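Here the structure comes first, spelled out in structure tokens, and everything after it is commentary.
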Amino acid sequence: MNSLRISAVAIVLCAASACASSTQSPGSSTGSTGQSGSSGAGSGTGTSGATGGAGATGASASGNSGATGGAGAGGGASGASGTSGSTGNSGASGATGAASSGATGNGGGNSGASGAAGNSGASGTTGNSGGASNSGASGASGASSGVGDGGSPNGDGAAGGGGCAGLPLCDDFESDTANMPPNGWTVVMGCDPATTQNPNGTMDGPAAGGGILVGIDATQAHSGTNSLRVVGGDSCGYYAVNTAAFTSDAALGTQTYARMWARFSEAPPSSHNGFLSMNTTSMASHQPDLLRLGFQNDVIEWNWYGTDSTLPDTDSAGAAQSVAPMANTWVCIEFHIDATTGNIEFWYNGASVTTPGLSWNGTAAAYQTGWTGGGWKSGIAPTSLGLGWGSFNGVMMTTWFDDVALGTSRIGCN
């Protein structure tokens with residue numbers, strides 16, 4: 001069980017012996033054809049509603065037509081003589097005081113998917129133009145549509161498995177390219193990676209059946225169309241590793257909450273293998289100690305690399321207090337690591353209560369005796385998140401991950 005190492009590309013380090021790893025302007029009685037505002041999805045949002053198109057003929061006299069309201073920003077100024085509605089870019093004018101066209105769009109979703117309720121032109125009170133035209137509607141889902149970009153400093157935006165925009169890590173892999181490595185992650189290729197000095201080492205090359213060993217899969221996803229896929233791995237593991245969530249201005253500090261959706265090609269094996277590995281601030285000799293999550297005894301188990309301690313115990317009593325994902329089924333995994341106490345909370349598939357065997361409060365239950373004294377300790381914090389597969393006993397697996405998030409409070413699966 002002590003065979004996983006993470007390579008020192010930036011995160012996962014190797015030792016000699018082992019490797020882990022949105023102003024409204026009142027509408028005139030004229031401006032009857034101001035079609036704009038109807039789809040102003042809000043500035044900075046996606047393509048639909050992005051062009052409030054018309055507003056083009058708010059030409060009737062004195063038709064305070066909201067001449068040239070800024071893009072998606074709502075009915076413009078007066079535009080006396082009603083001639084100004086002519087340039088209603090992006091729902092900007094709405095010739096009849098196209099009111100708040102998409103003014104409240106919460107950017108982040110393609111095809112207007114975000115604009116929060118995007119009531120574009122909602123109050124173009126006359127001329128029936130844009131009146132209450134909820135284009136850019138469905139905007140409320142912008143935060144969770146899984147298609148937005150830029151919602152997080154370290155990811156693709158608001159991940160579809162639960163809103164996470166603005167968190168230290170929020171990645172649904174939707175802006176990534178199929179059959180390419182994931183953006184913002186470092187790929188670590190096992191015990192013997194290819195380098196300039198070692199050109200014959202393991203490379204992230206073609207995988208049997210298509211794609212690459214550690215890359216984006218556009219054929220399988222929990223939400224949207226993309227996921228991160230890792231095919232196989234040696235005893236040090238093939239991993240995609242993120243460190244930015246731990247080092248950015250929005251860094252996690254002492255409280256790390258994780259949420260991810262995972263899918264495994266096989267049911268959990270009885271032998272020890274891993275699908276998650278985190279470097280920590282604790283050092284054992286010259287190499288990092290690792291907190292790992294994987295399979296053993298046909299269930300999910302925690303493993304502390306330094307002492308080879310497991311949580312829960314690797315026996316029938318421990319297994320009964322853990323969980324076992326079904327093969328080829330998406331499951332939601334959440335956990336909380338408290339670096340001030342060393343406590344761990346673990347939730348499975350959005351449960352309101354923790355999974356007993358995989359949670360630790362400092363006092364061992366009968367099925368947790370192996371963690372006492374040798375497991376996770378207070379004062380130790382993770383410094384990276386690696387997702388993939390470490391085959392410590394020769395068992396191969398293909399793993400998929402989607403809607404991955406890290407924060408300082410529970411994120412949730414929905």
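Chain identifiers are assigned as A, B, and so on, following the order in which chains appear in the structure tokens; residues are numbered from 1 within each chain, and ligands are numbered from 1 in order of appearance.
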List as a PyMOL selection string the protein and nucleic acid residues near Leu291 (chain A), meaning an atom at most 6 Å away when only C-alpha atoms are counted, but skip any in the same chain fewer than 2 places from it.
chain A and resi 277-278+304
Output C-alpha atoms for every residue in the selection just made, as a PDB file, in the first residue's frame.
ATOM      1  CA  SER A 277      -3.696  11.495  -3.853  1.00  0.00           C
ATOM      2  CA  MET A 278      -2.795  14.698  -2.014  1.00  0.00           C
ATOM      3  CA  TRP A 304      -1.937   7.626   5.131  1.00  0.00           C
TER       4      TRP A 304
END
So, with only C-alpha atoms as the atoms that count, which of A:Asn328, A:Asn303, A:Thr399, A:Thr363 lies closest to Asp289 (chain A)?
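So, comparing all the options, the nearest one is A:Asn303.
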Between CA of Gly294 (chain A) and CA of Pro206 (chain A), measure the distance and give it in Å to one decimal.
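The value is 25.0 Å.
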Residue with smallest distance to Trp400 (chain A) - pool A:Ala221, A:Ala317, A:Val241, A:Leu276, counting only C-alpha atoms:
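Nearest to Trp400 (chain A): A:Ala221.
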Enumerate, in order of chain and increasing residue number, the residues of region 287-338 of chain A with an atom no farther than 6 Å from region 246-265 of chain A, each with its shortest atom pair and distance in Å to one decimal, counting only C-alpha atoms, as JSON lines.
{"residue": "A:Ala327", "atom": "CA", "partner": "A:Ser265", "partner_atom": "CA", "distance": 5.4}
{"residue": "A:Asn328", "atom": "CA", "partner": "A:Ser265", "partner_atom": "CA", "distance": 5.1}
{"residue": "A:Thr329", "atom": "CA", "partner": "A:Arg263", "partner_atom": "CA", "distance": 5.5}
{"residue": "A:Trp330", "atom": "CA", "partner": "A:Arg263", "partner_atom": "CA", "distance": 4.7}
{"residue": "A:Val331", "atom": "CA", "partner": "A:Ala262", "partner_atom": "CA", "distance": 5.4}
{"residue": "A:Cys332", "atom": "CA", "partner": "A:Trp261", "partner_atom": "CA", "distance": 4.5}
{"residue": "A:Ile333", "atom": "CA", "partner": "A:Met260", "partner_atom": "CA", "distance": 5.5}
{"residue": "A:Glu334", "atom": "CA", "partner": "A:Arg259", "partner_atom": "CA", "distance": 4.5}
{"residue": "A:Phe335", "atom": "CA", "partner": "A:Ala258", "partner_atom": "CA", "distance": 5.4}
{"residue": "A:His336", "atom": "CA", "partner": "A:Tyr257", "partner_atom": "CA", "distance": 4.4}
{"residue": "A:Ile337", "atom": "CA", "partner": "A:Thr256", "partner_atom": "CA", "distance": 5.2}
{"residue": "A:Asp338", "atom": "CA", "partner": "A:Gln255", "partner_atom": "CA", "distance": 5.0}
Since we have the selection now, will you write its residues out, keeping N, CA and C atoms, as a tab-separated table (two decimals), in the first residue's frame?
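Output saved as out.tsv:
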chain	number	residue	atom	x	y	z
A	327	ALA	N	-19.77	-0.32	-10.80
A	327	ALA	CA	-18.99	-0.08	-12.01
A	327	ALA	C	-19.78	0.76	-12.99
A	328	ASN	N	-19.07	1.66	-13.69
A	328	ASN	CA	-19.66	2.50	-14.74
A	328	ASN	C	-20.88	3.28	-14.28
A	329	THR	N	-20.81	3.78	-13.09
A	329	THR	CA	-21.89	4.58	-12.51
A	329	THR	C	-21.30	5.85	-11.90
A	330	TRP	N	-21.84	7.01	-12.22
A	330	TRP	CA	-21.35	8.25	-11.64
A	330	TRP	C	-21.76	8.36	-10.19
A	331	VAL	N	-20.81	8.63	-9.33
A	331	VAL	CA	-21.09	8.80	-7.90
A	331	VAL	C	-20.49	10.13	-7.44
A	332	CYS	N	-21.10	10.73	-6.44
A	332	CYS	CA	-20.62	12.01	-5.91
A	332	CYS	C	-19.83	11.75	-4.62
A	333	ILE	N	-18.60	12.23	-4.62
A	333	ILE	CA	-17.73	12.06	-3.46
A	333	ILE	C	-17.43	13.43	-2.87
A	334	GLU	N	-17.66	13.58	-1.58
A	334	GLU	CA	-17.36	14.83	-0.87
A	334	GLU	C	-16.57	14.51	0.40
A	335	PHE	N	-15.64	15.38	0.73
A	335	PHE	CA	-14.97	15.23	2.02
A	335	PHE	C	-14.49	16.58	2.52
A	336	HIS	N	-14.23	16.63	3.81
A	336	HIS	CA	-13.74	17.83	4.49
A	336	HIS	C	-12.54	17.43	5.34
A	337	ILE	N	-11.44	18.13	5.13
A	337	ILE	CA	-10.25	17.90	5.93
A	337	ILE	C	-10.00	19.14	6.78
A	338	ASP	N	-9.95	18.97	8.08
A	338	ASP	CA	-9.70	20.06	9.02
A	338	ASP	C	-8.26	19.95	9.49
Restricting the calculation to only C-alpha atoms: of A:Ile212, A:Gly390, A:Gly306, A:Ala365, which residue gets closest to Leu293 (chain A)?
A:Gly390
Write out as a ChimeraX atom specification which residues come within 9 Å of Thr398 (chain A) when counting only C-alpha atoms, dropping same-chain ones fewer than 6 positions away.
/A:229-233,263-266,388-389
Within 10 Å of region 167-186 of chain A, which residues of region 368-397 of chain A show up? Give each one with its shortest atom-to-atom distance in Å (one decimal) and the two atoms involved, counting only C-alpha atoms, rows by chain then rising residue number, as a Markdown table.
| residue | atom | partner | partner_atom | distance |
| --- | --- | --- | --- | --- |
| A:Leu385 | CA | A:Trp185 | CA | 9.5 |
| A:Gly386 | CA | A:Trp185 | CA | 8.9 |
| A:Leu387 | CA | A:Trp185 | CA | 9.9 |
Those in region 181-414 of chain A with alpha helix (DSSP H) from DSSP, as a PyMOL selection string:
chain A and resi 244-247+316-319
Within 6 Å of region 355-361 of chain A using only C-alpha atoms, minus same-chain residues under 2 positions, as a VMD selection string
chain A and resid 311 to 312 321 to 322 343 to 347 363
CA of Ala320 (chain A) to CA of Asp402 (chain A), straight-line distance in Å:
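Spanning CA of Asp402 (chain A) to CA of Ala320 (chain A) is a straight-line distance of 27.3 Å.
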Between CA of Phe401 (chain A) and CA of Ser227 (chain A), what is the spacing in Å?
5.8 Å
Could you pull out all residues of region 126-374 of chain A with a DSSP call of strand (DSSP E or B) and give them as a PyMOL selection string?
chain A and resi 169-171+186-189+193+202+206+212+214-217+227-231+238-242+255-264+273-284+287-296+299-304+309-311+331-338+344-348+360
Take the residues from that selection and write them out as a compact mmCIF listing (two decimals), in the first residue's frame, keeping C-alpha atoms.
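That gives us out_38.txt:
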# COMPACT_ATOMS: atom_id res chain seq x y z
CA LEU A 169 -11.17 25.21 -7.79
CA CYS A 170 -14.25 24.80 -10.01
CA ASP A 171 -13.74 22.67 -13.09
CA THR A 186 -0.26 19.02 -14.41
CA VAL A 187 -0.14 15.52 -15.83
CA VAL A 188 2.07 13.10 -13.91
CA MET A 189 2.92 9.84 -15.57
CA PRO A 193 7.94 9.46 -16.63
CA THR A 202 6.15 6.69 -19.79
CA PRO A 206 -2.49 7.12 -27.13
CA ILE A 212 -4.85 9.68 -24.44
CA VAL A 214 -4.64 11.32 -19.07
CA GLY A 215 -6.92 13.65 -21.02
CA ILE A 216 -10.34 15.03 -21.85
CA ASP A 217 -13.04 12.55 -22.88
CA SER A 227 -14.89 14.77 -18.38
CA LEU A 228 -11.34 14.03 -17.27
CA ARG A 229 -10.37 10.42 -18.03
CA VAL A 230 -7.37 8.49 -16.79
CA VAL A 231 -6.60 5.11 -18.33
CA TYR A 238 -1.11 8.36 -13.60
CA TYR A 239 -2.59 11.59 -12.27
CA ALA A 240 -3.86 15.04 -13.26
CA VAL A 241 -2.72 17.30 -10.42
CA ASN A 242 -3.95 20.75 -9.31
CA GLN A 255 -10.29 23.91 5.88
CA THR A 256 -10.46 21.93 2.66
CA TYR A 257 -13.83 20.83 1.30
CA ALA A 258 -13.82 18.74 -1.86
CA ARG A 259 -16.60 17.69 -4.23
CA MET A 260 -16.24 15.61 -7.35
CA TRP A 261 -18.20 13.17 -9.46
CA ALA A 262 -16.33 9.99 -10.28
CA ARG A 263 -16.93 6.93 -12.43
CA PHE A 264 -14.94 3.70 -12.39
CA ASN A 273 -5.40 0.84 -5.31
CA GLY A 274 -5.86 4.61 -5.40
CA PHE A 275 -7.82 7.21 -7.39
CA LEU A 276 -6.96 10.36 -5.38
CA SER A 277 -3.70 11.49 -3.85
CA MET A 278 -2.79 14.70 -2.01
CA ASN A 279 0.64 15.93 -1.06
CA THR A 280 0.68 17.45 2.40
CA THR A 281 2.70 19.84 4.56
CA SER A 282 4.00 16.92 6.56
CA MET A 283 7.32 15.54 5.48
CA ALA A 284 8.48 12.02 6.02
CA GLN A 287 9.64 12.90 0.50
CA PRO A 288 6.11 14.26 1.07
CA ASP A 289 3.67 12.32 3.13
CA LEU A 290 0.49 11.62 1.24
CA LEU A 291 -3.18 11.37 2.08
CA ARG A 292 -4.74 9.00 -0.39
CA LEU A 293 -8.23 7.78 -1.21
CA GLY A 294 -8.78 4.57 -3.08
CA PHE A 295 -10.07 1.03 -2.91
CA GLN A 296 -9.26 -1.87 -0.64
CA VAL A 299 -14.77 -0.60 -0.61
CA ILE A 300 -13.40 2.96 -0.49
CA GLU A 301 -10.57 3.43 1.99
CA TRP A 302 -8.37 6.30 3.19
CA ASN A 303 -4.66 5.60 3.39
CA TRP A 304 -1.94 7.63 5.13
CA SER A 309 -2.58 3.39 8.13
CA THR A 310 -6.05 2.84 6.68
CA LEU A 311 -9.49 4.25 7.49
CA VAL A 331 -21.09 8.80 -7.90
CA CYS A 332 -20.62 12.01 -5.91
CA ILE A 333 -17.73 12.06 -3.46
CA GLU A 334 -17.36 14.83 -0.87
CA PHE A 335 -14.97 15.23 2.02
CA HIS A 336 -13.74 17.83 4.49
CA ILE A 337 -10.25 17.90 5.93
CA ASP A 338 -9.70 20.06 9.02
CA ILE A 344 -12.15 14.16 8.36
CA GLU A 345 -15.77 14.20 7.18
CA PHE A 346 -16.86 12.11 4.20
CA TRP A 347 -20.21 12.18 2.36
CA TYR A 348 -21.37 9.87 -0.39
CA TRP A 360 -12.73 10.65 11.76
